[in-house]
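**Student:** target_33.csv is the file, holding CSV, C-alpha atoms and all ligand atoms:
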chain,number,residue,atom,x,y,z
A,1,MET,CA,0.0,0.0,0.0
A,2,THR,CA,1.3,3.4,-0.8
A,3,THR,CA,0.7,6.4,1.5
A,4,ALA,CA,0.1,9.6,-0.2
A,5,VAL,CA,2.9,12.1,0.6
A,6,PRO,CA,1.5,15.6,0.8
A,7,ILE,CA,3.0,17.8,-1.9
A,8,THR,CA,4.0,21.2,-0.5
A,9,LYS,CA,2.9,23.9,-2.8
A,10,ARG,CA,5.3,26.7,-3.6
A,11,ILE,CA,4.9,30.4,-4.1
A,12,PHE,CA,7.3,33.0,-5.5
A,13,SER,CA,7.2,36.8,-5.5
A,14,GLY,CA,9.4,39.8,-5.4
A,15,ALA,CA,9.6,43.6,-5.3
A,16,GLN,CA,12.1,46.0,-6.7
A,17,PRO,CA,14.6,47.9,-4.4
A,18,THR,CA,13.7,51.2,-5.9
A,19,GLY,CA,13.2,53.7,-3.1
A,20,GLN,CA,11.3,52.3,-0.1
A,21,LEU,CA,8.3,49.9,0.2
A,22,HIS,CA,5.0,51.8,0.5
A,23,LEU,CA,1.5,51.0,1.6
A,24,GLY,CA,0.5,49.9,-1.9
A,25,ASN,CA,3.3,47.3,-2.0
A,26,TYR,CA,2.3,46.0,1.4
A,27,LEU,CA,-1.5,45.9,0.8
A,28,GLY,CA,-1.2,44.7,-2.8
A,29,ALA,CA,1.5,42.2,-2.4
A,30,VAL,CA,3.6,41.7,0.8
A,31,ARG,CA,0.6,41.2,3.0
A,32,SER,CA,-0.5,38.2,0.9
A,33,TRP,CA,3.0,36.8,1.1
A,34,VAL,CA,2.9,36.9,4.9
A,35,ILE,CA,-0.4,35.1,5.0
A,36,ALA,CA,0.7,32.5,2.4
A,37,GLN,CA,4.0,31.5,4.0
A,38,ALA,CA,2.1,29.4,6.6
A,39,GLU,CA,0.8,27.2,3.9
A,40,TYR,CA,3.3,27.3,1.1
A,41,GLU,CA,7.0,26.8,0.6
A,42,SER,CA,7.8,30.4,-0.1
A,43,TYR,CA,10.5,32.3,-2.0
A,44,PHE,CA,10.7,36.1,-1.7
A,45,CYS,CA,13.2,37.9,-3.8
A,46,VAL,CA,14.6,41.4,-3.8
A,47,VAL,CA,14.8,42.0,-7.6
A,48,ASP,CA,17.8,44.2,-7.8
A,49,LEU,CA,18.6,43.4,-11.4
A,50,HIS,CA,15.1,44.7,-12.3
A,51,ALA,CA,15.8,47.9,-10.5
A,52,LEU,CA,18.9,48.5,-12.7
A,53,THR,CA,16.6,48.8,-15.8
A,54,MET,CA,16.0,52.4,-14.7
A,55,PRO,CA,18.8,54.8,-13.8
A,56,GLN,CA,19.9,54.3,-10.2
A,57,LYS,CA,22.6,55.9,-8.1
A,58,PRO,CA,24.9,53.0,-7.0
A,59,GLN,CA,25.1,54.0,-3.3
A,60,GLU,CA,21.3,54.6,-3.1
A,61,LEU,CA,20.7,51.2,-4.8
A,62,ARG,CA,23.0,49.4,-2.3
A,63,GLU,CA,21.0,50.9,0.6
A,64,ALA,CA,17.6,50.2,-1.0
A,65,ILE,CA,18.5,46.5,-1.5
A,66,ARG,CA,19.2,46.0,2.1
A,67,ARG,CA,16.3,48.1,3.3
A,68,THR,CA,13.9,46.2,1.1
A,69,ALA,CA,15.1,42.9,2.5
A,70,ALA,CA,14.9,44.2,6.0
A,71,LEU,CA,11.3,45.5,5.3
A,72,TYR,CA,10.3,42.0,4.2
A,73,LEU,CA,11.3,40.8,7.6
A,74,ALA,CA,9.6,43.8,9.3
A,75,CYS,CA,6.4,43.1,7.5
A,76,GLY,CA,6.3,39.6,8.9
A,77,ILE,CA,8.1,37.3,6.5
A,78,ASP,CA,9.7,34.7,8.7
A,79,PRO,CA,13.1,33.5,7.5
A,80,LYS,CA,12.6,30.3,9.4
A,81,VAL,CA,9.8,29.2,7.1
A,82,SER,CA,10.4,31.4,4.0
A,83,THR,CA,13.4,31.9,1.8
A,84,ILE,CA,14.4,35.6,1.4
A,85,PHE,CA,17.2,36.4,-1.1
A,86,ILE,CA,18.6,38.9,-3.5
A,87,GLN,CA,18.1,38.1,-7.2
A,88,SER,CA,21.7,38.9,-8.3
A,89,HIS,CA,23.1,36.5,-5.7
A,90,VAL,CA,21.6,33.6,-7.7
A,91,PRO,CA,23.1,33.7,-11.2
A,92,ALA,CA,20.7,31.2,-12.5
A,93,HIS,CA,18.2,34.1,-13.0
A,94,THR,CA,20.3,35.8,-15.6
A,95,GLU,CA,21.3,32.6,-17.3
A,96,LEU,CA,17.7,31.5,-17.7
A,97,THR,CA,16.8,34.9,-19.0
A,98,TRP,CA,19.2,34.4,-21.9
A,99,LEU,CA,17.8,31.0,-22.6
A,100,PHE,CA,14.2,32.4,-22.6
A,101,ASN,CA,15.4,35.3,-24.8
A,102,CYS,CA,16.1,32.7,-27.4
A,103,ILE,CA,12.4,31.6,-27.5
A,104,ALA,CA,10.4,34.7,-26.5
A,105,PRO,CA,9.0,36.5,-29.6
A,106,MET,CA,9.8,40.3,-29.8
A,107,ASN,CA,6.1,41.1,-30.5
A,108,TRP,CA,5.0,39.6,-27.2
A,109,LEU,CA,7.3,42.1,-25.4
A,110,GLU,CA,6.3,45.0,-27.6
A,111,ARG,CA,2.8,44.7,-26.1
A,112,MET,CA,3.9,45.2,-22.5
A,113,ILE,CA,2.1,48.3,-21.1
A,114,GLN,CA,4.7,48.9,-18.4
A,115,TYR,CA,7.5,49.0,-21.0
A,116,LYS,CA,5.6,51.4,-23.2
A,117,GLU,CA,4.8,53.7,-20.3
A,118,LYS,CA,8.4,53.8,-19.0
A,119,ALA,CA,9.8,54.1,-22.5
A,120,ILE,CA,7.7,57.2,-23.1
A,121,LYS,CA,9.1,58.8,-19.9
A,122,LEU,CA,12.7,58.0,-20.8
A,123,GLY,CA,12.6,59.1,-24.5
A,124,GLU,CA,16.0,58.3,-26.1
A,125,ASP,CA,17.4,56.7,-23.0
A,126,VAL,CA,15.6,53.4,-23.3
A,127,ASN,CA,18.0,50.5,-22.7
A,128,ILE,CA,17.7,46.9,-23.9
A,129,ALA,CA,17.2,45.6,-20.3
A,130,LEU,CA,14.0,47.6,-19.9
A,131,PHE,CA,12.5,45.9,-22.9
A,132,ASP,CA,13.7,42.5,-21.6
A,133,TYR,CA,12.4,43.1,-18.1
A,134,PRO,CA,9.4,40.7,-18.3
A,135,VAL,CA,11.7,37.9,-19.6
A,136,LEU,CA,13.9,38.3,-16.5
A,137,GLN,CA,10.7,38.2,-14.4
A,138,ALA,CA,9.6,35.0,-16.2
A,139,ALA,CA,13.0,33.5,-15.3
A,140,ASP,CA,12.7,34.6,-11.7
A,141,ILE,CA,9.4,32.8,-11.4
A,142,LEU,CA,9.8,29.7,-13.5
A,143,LEU,CA,13.1,28.7,-11.9
A,144,TYR,CA,11.2,27.9,-8.7
A,145,GLN,CA,8.3,26.0,-10.3
A,146,PRO,CA,5.8,27.8,-8.1
A,147,HIS,CA,2.1,27.0,-8.0
A,148,LEU,CA,1.2,30.6,-7.2
A,149,VAL,CA,2.6,34.1,-7.7
A,150,PRO,CA,1.0,36.7,-5.4
A,151,VAL,CA,1.2,40.2,-6.9
A,152,GLY,CA,-0.7,43.5,-7.2
A,153,GLU,CA,-3.1,44.1,-10.2
A,154,ASP,CA,-0.5,46.0,-12.2
A,155,GLN,CA,1.6,42.8,-12.6
A,156,ARG,CA,-1.2,40.8,-14.3
A,157,GLN,CA,0.2,41.3,-17.9
A,158,HIS,CA,3.7,40.3,-16.9
A,159,LEU,CA,2.4,37.2,-15.2
A,160,GLU,CA,0.4,36.3,-18.3
A,161,LEU,CA,3.6,36.6,-20.3
A,162,THR,CA,5.4,34.3,-17.9
A,163,ARG,CA,2.7,31.7,-18.4
A,164,ASP,CA,3.0,32.1,-22.2
A,165,ILE,CA,6.8,31.7,-22.1
A,166,ALA,CA,6.4,28.5,-19.9
A,167,ARG,CA,3.9,27.1,-22.3
A,168,ARG,CA,6.1,27.8,-25.3
A,169,PHE,CA,9.1,26.2,-23.7
A,170,ASN,CA,7.0,23.1,-22.8
A,171,ASP,CA,5.6,22.9,-26.3
A,172,LYS,CA,9.1,23.1,-27.9
A,173,PHE,CA,11.2,21.1,-25.4
A,174,GLY,CA,9.0,18.9,-23.2
A,175,ASN,CA,6.9,19.4,-20.1
A,176,THR,CA,9.4,20.8,-17.7
A,177,LEU,CA,8.0,24.1,-16.4
A,178,ARG,CA,5.0,24.4,-14.1
A,179,ILE,CA,2.5,27.0,-15.3
A,180,PRO,CA,1.9,29.2,-12.2
A,181,GLU,CA,-1.4,30.6,-11.2
A,182,ILE,CA,-1.7,34.4,-10.6
A,183,LEU,CA,-2.9,35.4,-7.1
A,184,ILE,CA,-4.3,38.9,-6.9
A,185,ARG,CA,-6.2,39.8,-3.7
A,186,GLN,CA,-9.0,42.1,-4.6
A,187,GLU,CA,-8.8,44.2,-1.5
A,188,GLY,CA,-5.7,46.4,-1.8
A,189,ALA,CA,-4.8,45.2,-5.3
A,190,ARG,CA,-4.5,48.8,-6.5
A,191,VAL,CA,-3.8,51.5,-4.0
A,192,MET,CA,-3.7,54.8,-5.7
A,193,SER,CA,-1.4,57.9,-5.5
A,194,LEU,CA,-2.3,60.4,-2.9
A,195,GLN,CA,-1.8,63.1,-5.5
A,196,ASP,CA,-3.8,61.5,-8.3
A,197,GLY,CA,-6.5,59.0,-7.7
A,198,THR,CA,-6.3,57.7,-11.2
A,199,SER,CA,-2.6,56.5,-11.1
A,200,LYS,CA,-1.2,53.9,-8.8
A,201,MET,CA,0.9,54.6,-5.7
A,202,SER,CA,4.4,54.0,-6.9
A,203,LYS,CA,8.0,54.0,-5.4
A,204,SER,CA,9.3,55.8,-8.5
A,205,ASP,CA,6.8,58.7,-8.5
A,206,PRO,CA,9.0,61.8,-8.2
A,207,SER,CA,6.8,63.2,-5.5
A,208,ASP,CA,7.2,61.6,-2.1
A,209,LEU,CA,3.8,63.3,-1.2
A,210,SER,CA,2.1,60.7,-3.5
A,211,ARG,CA,2.8,57.7,-1.2
A,212,ILE,CA,2.9,56.5,2.4
A,213,ASN,CA,6.2,54.7,2.9
A,214,LEU,CA,6.2,52.0,5.5
A,215,LEU,CA,9.0,53.9,7.4
A,216,ASP,CA,7.4,57.3,7.3
A,217,THR,CA,7.3,59.2,10.6
A,218,PRO,CA,3.9,60.2,12.1
A,219,GLU,CA,4.6,63.8,11.2
A,220,ALA,CA,5.3,62.8,7.5
A,221,ILE,CA,2.1,60.8,7.4
A,222,ARG,CA,0.0,63.6,8.8
A,223,LYS,CA,1.5,66.0,6.3
A,224,LYS,CA,1.0,63.7,3.4
A,225,ILE,CA,-2.6,63.0,4.3
A,226,SER,CA,-3.5,66.6,4.9
A,227,LYS,CA,-2.0,67.5,1.5
A,228,ALA,CA,-3.6,64.5,-0.3
A,229,LYS,CA,-5.7,65.5,-3.2
A,230,SER,CA,-9.5,65.5,-2.4
A,231,ASP,CA,-12.6,67.0,-3.9
A,232,GLN,CA,-15.1,69.7,-3.0
A,233,ILE,CA,-18.2,67.4,-2.7
A,234,LEU,CA,-19.6,67.2,0.8
A,235,GLY,CA,-20.3,63.8,2.2
A,236,LEU,CA,-17.8,61.0,1.7
A,237,ARG,CA,-18.8,57.9,-0.3
A,238,PHE,CA,-17.2,54.8,-1.9
A,239,ASP,CA,-18.0,56.4,-5.3
A,240,ALA,CA,-15.8,55.1,-8.2
A,241,ASN,CA,-16.4,58.5,-9.9
A,242,ARG,CA,-14.6,60.3,-7.1
A,243,PRO,CA,-11.2,58.5,-7.4
A,244,GLU,CA,-9.4,60.4,-4.6
A,245,CYS,CA,-12.2,60.1,-2.2
A,246,TYR,CA,-12.6,56.4,-3.0
A,247,ASN,CA,-8.9,55.7,-2.5
A,248,LEU,CA,-8.7,57.4,0.9
A,249,LEU,CA,-11.8,55.7,2.1
A,250,ASN,CA,-10.5,52.4,0.8
A,251,ILE,CA,-7.2,52.7,2.7
A,252,TYR,CA,-9.1,53.6,5.8
A,253,ALA,CA,-11.4,50.5,5.4
A,254,ILE,CA,-8.5,48.1,4.9
A,255,LEU,CA,-6.4,49.4,7.8
A,256,SER,CA,-9.3,49.9,10.3
A,257,GLY,CA,-11.0,46.7,9.4
A,258,GLU,CA,-14.4,48.6,9.4
A,259,SER,CA,-17.0,47.8,6.8
A,260,ARG,CA,-17.9,50.3,4.0
A,261,GLU,CA,-21.4,50.7,5.5
A,262,THR,CA,-20.0,51.7,8.9
A,263,ILE,CA,-17.6,54.1,7.4
A,264,GLU,CA,-20.2,55.8,5.2
A,265,ALA,CA,-22.5,56.0,8.1
A,266,GLU,CA,-19.8,57.8,10.1
A,267,PHE,CA,-18.5,60.1,7.4
A,268,GLY,CA,-21.4,60.2,5.0
A,269,GLU,CA,-22.3,63.7,6.1
A,270,ALA,CA,-18.8,64.9,6.9
A,271,GLY,CA,-16.0,66.5,4.8
A,272,PHE,CA,-12.3,65.8,4.4
A,273,GLY,CA,-11.5,68.2,7.3
A,274,LYS,CA,-13.0,65.7,9.7
A,275,PHE,CA,-11.9,62.5,7.9
A,276,LYS,CA,-8.3,63.2,7.1
A,277,PRO,CA,-7.0,63.5,10.7
A,278,ARG,CA,-8.8,60.2,11.5
A,279,LEU,CA,-7.2,58.5,8.5
A,280,SER,CA,-3.7,59.8,9.5
A,281,GLU,CA,-4.1,58.3,13.0
A,282,VAL,CA,-5.2,54.9,11.7
A,283,ILE,CA,-2.2,54.8,9.4
A,284,VAL,CA,0.3,55.9,12.1
A,285,GLU,CA,-1.0,53.2,14.5
A,286,TYR,CA,-1.1,50.6,11.7
A,287,LEU,CA,2.6,51.2,10.8
A,288,LYS,CA,4.0,51.3,14.3
A,289,PRO,CA,4.7,47.6,14.7
A,290,PHE,CA,6.4,47.5,11.3
A,291,GLN,CA,8.6,50.3,12.3
A,292,SER,CA,9.7,48.8,15.6
A,293,ARG,CA,10.3,45.4,14.0
A,294,TYR,CA,12.4,47.2,11.3
A,295,ALA,CA,14.5,48.8,14.0
A,296,GLU,CA,15.1,45.4,15.6
A,297,VAL,CA,16.1,43.8,12.3
A,298,VAL,CA,18.6,46.5,11.4
A,299,GLY,CA,19.8,46.9,15.0
A,300,GLU,CA,21.0,43.3,15.2
A,301,THR,CA,24.5,43.2,13.7
A,302,GLY,CA,24.9,40.5,11.1
A,303,TYR,CA,21.3,39.2,11.3
A,304,LEU,CA,20.2,40.4,7.9
A,305,ASP,CA,23.4,39.1,6.3
A,306,THR,CA,22.8,35.7,7.8
A,307,VAL,CA,19.2,35.6,6.5
A,308,LEU,CA,20.3,36.6,3.0
A,309,ARG,CA,23.2,34.2,2.9
A,310,ASP,CA,21.0,31.3,3.9
A,311,GLY,CA,18.3,32.5,1.5
A,312,SER,CA,20.6,32.6,-1.5
A,313,GLU,CA,21.9,29.1,-0.7
A,314,ARG,CA,18.4,27.6,-0.5
A,315,ALA,CA,17.2,29.5,-3.5
A,316,SER,CA,20.3,28.5,-5.6
A,317,TYR,CA,19.7,24.8,-4.8
A,318,VAL,CA,16.2,24.9,-6.3
A,319,ALA,CA,17.0,27.3,-9.1
A,320,ASN,CA,20.0,25.3,-10.3
A,321,GLN,CA,17.9,22.1,-10.7
A,322,THR,CA,15.5,23.8,-13.1
A,323,LEU,CA,18.3,25.5,-14.9
A,324,LYS,CA,20.1,22.3,-15.4
A,325,GLU,CA,17.1,20.6,-16.9
A,326,VAL,CA,16.3,23.6,-19.2
A,327,ARG,CA,19.9,23.7,-20.4
A,328,GLU,CA,19.9,20.1,-21.3
A,329,GLN,CA,16.5,20.2,-23.0
A,330,MET,CA,17.6,23.1,-25.2
A,331,GLY,CA,20.6,21.1,-26.4
A,332,LEU,CA,23.4,22.5,-24.3
A,333,ILE,CA,26.0,20.1,-22.8
A,334,PRO,CA,27.0,20.1,-19.1
A,335,PRO,CA,30.2,22.0,-18.2
A,336,ILE,CA,33.3,20.0,-18.8
A,337,SER,CA,35.7,20.0,-15.8
A,338,PHE,CA,39.4,20.6,-16.6
A,339,SER,CA,42.0,18.7,-14.7
A,340,LEU,CA,45.3,20.7,-14.2
A,341,GLU,CA,47.3,17.7,-13.2
A,342,GLU,CA,46.4,15.6,-16.2
A,343,GLY,CA,46.3,18.7,-18.5
A,344,SER,CA,43.2,17.1,-20.0
A,345,VAL,CA,39.6,17.7,-20.3
A,346,ARG,CA,37.3,15.3,-18.5
B,401,LIG,P1,8.2,51.1,-9.2
B,401,LIG,O1,7.5,52.4,-9.0
B,401,LIG,O2,9.7,51.2,-8.9
B,401,LIG,O3,7.8,50.4,-10.4
B,401,LIG,P2,6.3,49.9,-7.5
B,401,LIG,O4,5.9,50.8,-6.4
B,401,LIG,O5,5.4,49.7,-8.6
B,401,LIG,O6,7.7,50.2,-8.0
B,401,LIG,P3,7.2,47.1,-7.4
B,401,LIG,O7,8.4,46.7,-6.7
B,401,LIG,O8,7.3,47.2,-8.8
B,401,LIG,O9,6.6,48.5,-6.8
B,401,LIG,O10,6.0,46.1,-6.9
B,401,LIG,C1,6.1,45.2,-5.8
B,401,LIG,C2,4.7,44.5,-5.6
B,401,LIG,O11,3.8,45.6,-5.2
B,401,LIG,C3,4.1,44.0,-6.9
B,401,LIG,O12,3.4,42.8,-6.6
B,401,LIG,C4,3.1,45.1,-7.3
B,401,LIG,O13,2.0,44.6,-8.1
B,401,LIG,C5,2.6,45.6,-6.0
B,401,LIG,N1,2.2,47.0,-6.1
B,401,LIG,C6,3.0,48.0,-6.5
B,401,LIG,N2,2.3,49.2,-6.4
B,401,LIG,C7,1.1,48.9,-5.9
B,401,LIG,C8,-0.1,49.6,-5.6
B,401,LIG,N3,-0.1,50.9,-5.8
B,401,LIG,N4,-1.2,49.0,-5.2
B,401,LIG,C9,-1.2,47.6,-5.0
B,401,LIG,N5,-0.1,46.9,-5.3
B,401,LIG,C10,1.0,47.5,-5.7
B,402,LIG,N1,7.9,43.4,-12.0
B,402,LIG,C1,7.6,43.1,-10.6
B,402,LIG,C2,8.7,42.7,-9.7
B,402,LIG,C3,9.1,41.3,-10.0
B,402,LIG,C4,8.4,40.2,-9.6
B,402,LIG,C5,9.1,39.1,-10.1
B,402,LIG,C6,7.1,40.0,-9.0
B,402,LIG,C7,10.2,40.9,-10.6
B,402,LIG,N2,10.3,39.6,-10.7
B,402,LIG,C8,8.7,37.8,-10.0
B,402,LIG,C9,6.7,38.7,-8.9
B,402,LIG,C10,7.4,37.6,-9.3
B,402,LIG,C11,6.9,44.4,-10.1
B,402,LIG,O1,6.3,44.3,-9.1
B,402,LIG,N3,7.1,45.5,-10.7
Would you mind writing the structure in this file as structure tokens?
Ligand code: ATP
Ligand code: LTN

**Tutor:**
Amino acid sequence: MTTAVPITKRIFSGAQPTGQLHLGNYLGAVRSWVIAQAEYESYFCVVDLHALTMPQKPQELREAIRRTAALYLACGIDPKVSTIFIQSHVPAHTELTWLFNCIAPMNWLERMIQYKEKAIKLGEDVNIALFDYPVLQAADILLYQPHLVPVGEDQRQHLELTRDIARRFNDKFGNTLRIPEILIRQEGARVMSLQDGTSKMSKSDPSDLSRINLLDTPEAIRKKISKAKSDQILGLRFDANRPECYNLLNIYAILSGESRETIEAEFGEAGFGKFKPRLSEVIVEYLKPFQSRYAEVVGETGYLDTVLRDGSERASYVANQTLKEVREQMGLIPPISFSLEEGSVR
């Protein structure tokens, strides 16, 4: 008689070390990671090579890489059960990108909205890596053969492309790669900018007033909320035609845990003058535990380095298995070791 061995399901996700994680990153993505790690074998990556596709100052990037990893821990990713690592510490990511470049059609990448938006902003300065960004993302994911990839709504198109690349590889070379499911939580999937309710809160928005960073001080939070764009209509409602009002109420709802009905009952007759200070206090309280955990993580000398070293070791082990198979299936031969004593190739 055979006993069924439970198969642990895997998840993989990542965020770019551009600036600092903000409330949108947490509510749209990292919060789902924290919940999922109890159930899944989890890999969370700081995608530093993706950050390099846009101009970065080297010293700022170095700091942002470490800060992002420390924020994963501060948000509740537990290194005892999850693997946290830095993308560039696992060279399999770039190697698999090259192999996928050899099967990914140009016109699939030409359709990518994020590329088109960023390319418009950069004008003449568009580099090849920005175009190739989604292929690196596909390599990140498929190396770990995950069942699920939890992301915010803006990543849907990149995830569809990842699935298409996996299918294409499997069609051409045999069924090696798992086609991952996309996990987008509805609540918090798209937190909008505080300065423009129609564009998403983003690390790379030039205005820091547009976002609440997880490490913002209470004073900074109060200032940003008081300056947040609003409208002149009296009475606050979850009305999709009032994007700024909707976004602020939505943040309040998620952080306070109160229902939309309760919130509308309380602020339905009020204006932003009454609501904004309440929202600021809810955010300040919500972020306090993150900020104290962050201080602990960065305060313990060597702790982060140990987590990242163990993480890259564990990640490399899994990634190298997939890479080896892909290499062989595409027709490459294994590396040949060279013996100095014998002066011969083995
Ligand atoms: P950048 O501005 O540098 O592109 P970003 O703020 O968009 O950065 P990423 O590192 O690209 O953040 O994203 C990390 C994760 O956070 C992704 O899963 C992404 O979908 C999610 N995310 C980013 N912004 C938001 C947002 N405003 N609302 C909800 N989820 C978001
Ligand atoms: N493009 C993603 C970051 C990212 C990612 C990944 C997310 C790079 N590789 C793999 C999930 C899985 C973004 O959030 N902008």

**Student:** Could you produce a table of the residues of chain A lying within 8 Å of ligand LIG 402 (chain B), with the nearest pair of atoms per residue and their separation in Å rounded to one decimal, using only C-alpha atoms and all ligand atoms, ordered by chain and increasing residue number, as a Markdown table?

**Tutor:**
| residue | atom | partner | partner_atom | distance |
| --- | --- | --- | --- | --- |
| A:Phe12 | CA | B:LIG402 | C10 | 6.0 |
| A:Ser13 | CA | B:LIG402 | C10 | 3.9 |
| A:Gly14 | CA | B:LIG402 | C6 | 4.3 |
| A:Ala15 | CA | B:LIG402 | C2 | 4.6 |
| A:Gln16 | CA | B:LIG402 | C2 | 5.6 |
| A:Cys45 | CA | B:LIG402 | C5 | 7.6 |
| A:Val47 | CA | B:LIG402 | C7 | 5.6 |
| A:His50 | CA | B:LIG402 | C7 | 6.4 |
| A:Tyr133 | CA | B:LIG402 | N1 | 7.6 |
| A:Pro134 | CA | B:LIG402 | N1 | 7.0 |
| A:Leu136 | CA | B:LIG402 | N2 | 6.9 |
| A:Gln137 | CA | B:LIG402 | N2 | 4.0 |
| A:Ala138 | CA | B:LIG402 | C8 | 6.9 |
| A:Asp140 | CA | B:LIG402 | C8 | 5.4 |
| A:Ile141 | CA | B:LIG402 | C8 | 5.2 |
| A:Val149 | CA | B:LIG402 | C10 | 6.2 |
| A:Pro150 | CA | B:LIG402 | C9 | 7.0 |
| A:Val151 | CA | B:LIG402 | C9 | 6.0 |
| A:Gly152 | CA | B:LIG402 | O1 | 7.3 |
| A:Asp154 | CA | B:LIG402 | O1 | 7.7 |
| A:Gln155 | CA | B:LIG402 | O1 | 6.0 |
| A:His158 | CA | B:LIG402 | N1 | 7.2 |
| A:Leu159 | CA | B:LIG402 | C10 | 7.7 |

**Student:** Which polymer residues have any atom within 7 Å of an atom of range 266-269 of chain A, counting all atoms listed in the file, with same-chain residues fewer than 4 positions away left out, as a PDB file with C-alpha atoms, in the frame of the given file?

**Tutor:**
ATOM      1  CA  LEU A 234     -19.600  67.200   0.800  1.00  0.00           C
ATOM      2  CA  GLY A 235     -20.300  63.800   2.200  1.00  0.00           C
ATOM      3  CA  LEU A 236     -17.800  61.000   1.700  1.00  0.00           C
ATOM      4  CA  ARG A 237     -18.800  57.900  -0.300  1.00  0.00           C
ATOM      5  CA  THR A 262     -20.000  51.700   8.900  1.00  0.00           C
TER       6      THR A 262
END

**Student:** Could the residues that lie within 9 Å of ligand LIG 401 (chain B), counting only C-alpha atoms and all ligand atoms, be listed as a PDB file with C-alpha atoms, in the frame of the given file?

**Tutor:**
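For reference, result04.pdb as written:
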ATOM      1  CA  SER A  13       7.200  36.800  -5.500  1.00  0.00           C
ATOM      2  CA  GLY A  14       9.400  39.800  -5.400  1.00  0.00           C
ATOM      3  CA  ALA A  15       9.600  43.600  -5.300  1.00  0.00           C
ATOM      4  CA  GLN A  16      12.100  46.000  -6.700  1.00  0.00           C
ATOM      5  CA  PRO A  17      14.600  47.900  -4.400  1.00  0.00           C
ATOM      6  CA  THR A  18      13.700  51.200  -5.900  1.00  0.00           C
ATOM      7  CA  GLY A  19      13.200  53.700  -3.100  1.00  0.00           C
ATOM      8  CA  GLN A  20      11.300  52.300  -0.100  1.00  0.00           C
ATOM      9  CA  LEU A  21       8.300  49.900   0.200  1.00  0.00           C
ATOM     10  CA  HIS A  22       5.000  51.800   0.500  1.00  0.00           C
ATOM     11  CA  LEU A  23       1.500  51.000   1.600  1.00  0.00           C
ATOM     12  CA  GLY A  24       0.500  49.900  -1.900  1.00  0.00           C
ATOM     13  CA  ASN A  25       3.300  47.300  -2.000  1.00  0.00           C
ATOM     14  CA  TYR A  26       2.300  46.000   1.400  1.00  0.00           C
ATOM     15  CA  LEU A  27      -1.500  45.900   0.800  1.00  0.00           C
ATOM     16  CA  GLY A  28      -1.200  44.700  -2.800  1.00  0.00           C
ATOM     17  CA  ALA A  29       1.500  42.200  -2.400  1.00  0.00           C
ATOM     18  CA  VAL A  30       3.600  41.700   0.800  1.00  0.00           C
ATOM     19  CA  VAL A  46      14.600  41.400  -3.800  1.00  0.00           C
ATOM     20  CA  VAL A  47      14.800  42.000  -7.600  1.00  0.00           C
ATOM     21  CA  HIS A  50      15.100  44.700 -12.300  1.00  0.00           C
ATOM     22  CA  ALA A  51      15.800  47.900 -10.500  1.00  0.00           C
ATOM     23  CA  MET A  54      16.000  52.400 -14.700  1.00  0.00           C
ATOM     24  CA  GLN A 114       4.700  48.900 -18.400  1.00  0.00           C
ATOM     25  CA  VAL A 149       2.600  34.100  -7.700  1.00  0.00           C
ATOM     26  CA  PRO A 150       1.000  36.700  -5.400  1.00  0.00           C
ATOM     27  CA  VAL A 151       1.200  40.200  -6.900  1.00  0.00           C
ATOM     28  CA  GLY A 152      -0.700  43.500  -7.200  1.00  0.00           C
ATOM     29  CA  GLU A 153      -3.100  44.100 -10.200  1.00  0.00           C
ATOM     30  CA  ASP A 154      -0.500  46.000 -12.200  1.00  0.00           C
ATOM     31  CA  GLN A 155       1.600  42.800 -12.600  1.00  0.00           C
ATOM     32  CA  ARG A 156      -1.200  40.800 -14.300  1.00  0.00           C
ATOM     33  CA  ILE A 184      -4.300  38.900  -6.900  1.00  0.00           C
ATOM     34  CA  GLY A 188      -5.700  46.400  -1.800  1.00  0.00           C
ATOM     35  CA  ALA A 189      -4.800  45.200  -5.300  1.00  0.00           C
ATOM     36  CA  ARG A 190      -4.500  48.800  -6.500  1.00  0.00           C
ATOM     37  CA  VAL A 191      -3.800  51.500  -4.000  1.00  0.00           C
ATOM     38  CA  MET A 192      -3.700  54.800  -5.700  1.00  0.00           C
ATOM     39  CA  SER A 193      -1.400  57.900  -5.500  1.00  0.00           C
ATOM     40  CA  SER A 199      -2.600  56.500 -11.100  1.00  0.00           C
ATOM     41  CA  LYS A 200      -1.200  53.900  -8.800  1.00  0.00           C
ATOM     42  CA  MET A 201       0.900  54.600  -5.700  1.00  0.00           C
ATOM     43  CA  SER A 202       4.400  54.000  -6.900  1.00  0.00           C
ATOM     44  CA  LYS A 203       8.000  54.000  -5.400  1.00  0.00           C
ATOM     45  CA  SER A 204       9.300  55.800  -8.500  1.00  0.00           C
ATOM     46  CA  ASP A 205       6.800  58.700  -8.500  1.00  0.00           C
ATOM     47  CA  ARG A 211       2.800  57.700  -1.200  1.00  0.00           C
TER      48      ARG A 211
END

**Student:** At a cut-off of 12 Å, using only C-alpha atoms, what residues contact Gly273 in chain A? Leave out same-chain residues fewer than 5 positions from it and give the result as a CSV table (one decimal) with C-alpha atoms, in the frame of the given file.

**Tutor:**
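Result file follows (selection_21.csv):
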chain,number,residue,atom,x,y,z
A,225,ILE,CA,-2.6,63.0,4.3
A,226,SER,CA,-3.5,66.6,4.9
A,227,LYS,CA,-2.0,67.5,1.5
A,228,ALA,CA,-3.6,64.5,-0.3
A,230,SER,CA,-9.5,65.5,-2.4
A,231,ASP,CA,-12.6,67.0,-3.9
A,232,GLN,CA,-15.1,69.7,-3.0
A,234,LEU,CA,-19.6,67.2,0.8
A,235,GLY,CA,-20.3,63.8,2.2
A,236,LEU,CA,-17.8,61.0,1.7
A,267,PHE,CA,-18.5,60.1,7.4
A,278,ARG,CA,-8.8,60.2,11.5
A,279,LEU,CA,-7.2,58.5,8.5
A,280,SER,CA,-3.7,59.8,9.5
